[in-house]
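Trainee: Starting off with a structure, shown below.
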Amino acid sequence: MEVKKETICEDTLYIVREYYHLNTEPLFSVLADDCVWLSIGNLLVSGAEAIRAQFKNGFIMPPLEMEEPDFRQIETGSEGQLMVLGEYMLHVSEQAEIIYAGKQRATFCYRQEKDGYRLYHMHVSNEYNELVGDEIFPVQISRQTYQYVQHLLRESGRSNNWRLEIRENGSAGFVDPGLIMYIQAVERECILHLVNEARQVQNPAKELEHKLPLCFYRLHRSYFVNCNYVAKIERYKLTLITGEELPIPKLRYLQIRDDITKIIQNKRL
């Protein structure tokens, strides 16, 4: 393909979207011979041929869909160079066997050569997720986690103030179930793992089970998970957007994957 100065943001968005659809041809067609690719996991690849070689055995990721793409051109001060910054959410397609969502940022640098603009530098990274200084959120909650959680809660359309009644230290209390990532049953009590703390309550699992919203799913006897916080499902574990992992019974893996996928997809309808 040919990228143009007048449509550089649209052209870059097309290249990136096709890449996540597992089509590398648009990307390969605009690579400069000395292109440098910096990506997630400390990946550093130099040269167009080396970049193409990364895909000789196909993709290691499933097809991904982009949401809320924001691509904008940055002034470089040079007539022969173009720079585009991009920010977007990713989630796996409905056909994938895992569940994943995450936010990414990307930088694309082009220079004018004899046959048109060529991509000579691209850098893709996850959103910065370390908390420093006097930030108000606990260190175990990353910025990406918090922002994504807030996005999910906004999208869920929760318009009421309903709270889950709990018993702590002999007293009655209330908690927003939307802030519970998962519930762990411990004998006749439960531990509520919220986005910013863990609280042990005197409610047995069976009592809470009948009061939980439909977004909660029982993995097995010991765990209920809030599907709004599920990032990935694979054999034989479920990963939350915080990076925490919950075990999945081997014999129920396919059923659990399908059930949770259906819950998540129904919330998007």
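By order in the structure tokens, chains are A, B, ...; within a chain, residues start at 1; ligands start at 1, following the order shown.
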Excluding Ile248 (chain A) and any residue of its chain fewer than 6 positions from it, enumerate the residues within 9 Å of it, using only C-alpha atoms, and give them as a list in words.
Mentor: Leu219, His220, Ile233, Glu234, Arg235, Tyr236, Lys237, Leu238 and Ile256 of chain A
Trainee: Between A:Ala205, A:Leu85, A:Met66, A:Val30, single out the one closest to Gln112 (chain A), counting only C-alpha atoms.
Mentor: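 Of A:Ala205, A:Leu85, A:Met66, A:Val30, the one nearest Gln112 (chain A) is A:Val30, counting only C-alpha atoms.
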Trainee: Enter the distance from CA of Ala50 (chain A) to CA of Val3 (chain A), in Å, rounded to one decimal.
Mentor: 21.9 Å
Trainee: Would you kindly return, as a PDB file with all heavy atoms, in the first residue's frame, each protein, DNA or RNA residue with an atom no farther than 12 Å from any atom of Ser78 (chain A), considering only C-alpha atoms and excluding same-chain residues fewer than 6 positions away?
Mentor:
```pdb
ATOM      1  N   CYS A 109       6.975   6.149  12.926  1.00  0.00           N
ATOM      2  CA  CYS A 109       7.759   7.205  12.292  1.00  0.00           C
ATOM      3  C   CYS A 109       8.028   6.833  10.835  1.00  0.00           C
ATOM      4  O   CYS A 109       8.519   5.727  10.549  1.00  0.00           O
ATOM      5  CB  CYS A 109       9.081   7.412  13.029  1.00  0.00           C
ATOM      6  SG  CYS A 109       8.895   7.911  14.751  1.00  0.00           S
ATOM      7  N   TYR A 110       7.701   7.751   9.937  1.00  0.00           N
ATOM      8  CA  TYR A 110       7.898   7.539   8.507  1.00  0.00           C
ATOM      9  C   TYR A 110       8.884   8.583   7.966  1.00  0.00           C
ATOM     10  O   TYR A 110       8.954   9.702   8.474  1.00  0.00           O
ATOM     11  CB  TYR A 110       6.573   7.692   7.741  1.00  0.00           C
ATOM     12  CG  TYR A 110       5.454   6.796   8.184  1.00  0.00           C
ATOM     13  CD1 TYR A 110       4.644   7.144   9.267  1.00  0.00           C
ATOM     14  CD2 TYR A 110       5.162   5.607   7.513  1.00  0.00           C
ATOM     15  CE1 TYR A 110       3.587   6.335   9.669  1.00  0.00           C
ATOM     16  CE2 TYR A 110       4.111   4.796   7.895  1.00  0.00           C
ATOM     17  CZ  TYR A 110       3.325   5.168   8.981  1.00  0.00           C
ATOM     18  OH  TYR A 110       2.274   4.371   9.373  1.00  0.00           O
ATOM     19  N   ARG A 111       9.600   8.205   6.914  1.00  0.00           N
ATOM     20  CA  ARG A 111      10.426   9.176   6.207  1.00  0.00           C
ATOM     21  C   ARG A 111      10.202   9.008   4.705  1.00  0.00           C
ATOM     22  O   ARG A 111       9.879   7.918   4.214  1.00  0.00           O
ATOM     23  CB  ARG A 111      11.907   8.991   6.554  1.00  0.00           C
ATOM     24  CG  ARG A 111      12.527   7.699   6.093  1.00  0.00           C
ATOM     25  CD  ARG A 111      14.043   7.739   6.190  1.00  0.00           C
ATOM     26  NE  ARG A 111      14.598   6.441   5.841  1.00  0.00           N
ATOM     27  CZ  ARG A 111      15.174   5.618   6.703  1.00  0.00           C
ATOM     28  NH1 ARG A 111      15.282   5.944   7.972  1.00  0.00           N
ATOM     29  NH2 ARG A 111      15.661   4.461   6.293  1.00  0.00           N
ATOM     30  N   GLN A 112      10.406  10.093   3.994  1.00  0.00           N
ATOM     31  CA  GLN A 112      10.176  10.074   2.562  1.00  0.00           C
ATOM     32  C   GLN A 112      11.386   9.499   1.845  1.00  0.00           C
ATOM     33  O   GLN A 112      12.514   9.957   2.041  1.00  0.00           O
ATOM     34  CB  GLN A 112       9.886  11.484   2.052  1.00  0.00           C
ATOM     35  CG  GLN A 112       9.318  11.523   0.640  1.00  0.00           C
ATOM     36  CD  GLN A 112       8.785  12.893   0.301  1.00  0.00           C
ATOM     37  OE1 GLN A 112       9.227  13.892   0.848  1.00  0.00           O
ATOM     38  NE2 GLN A 112       7.809  12.949  -0.593  1.00  0.00           N
TER      39      GLN A 112
END
```
Trainee: Excluding Asn226 (chain A) and any residue of its chain fewer than 6 positions from it, enumerate the residues within 9 Å of it, using only C-alpha atoms, and give them as a list of chain:residue names.
Mentor: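 The residues satisfying every condition are A:Pro177, A:Gly178, A:Leu179, A:Ile180, A:Met181, A:Tyr182, A:Ile183, A:Pro213, A:Leu214, A:Cys215, A:Phe216, A:Tyr217.
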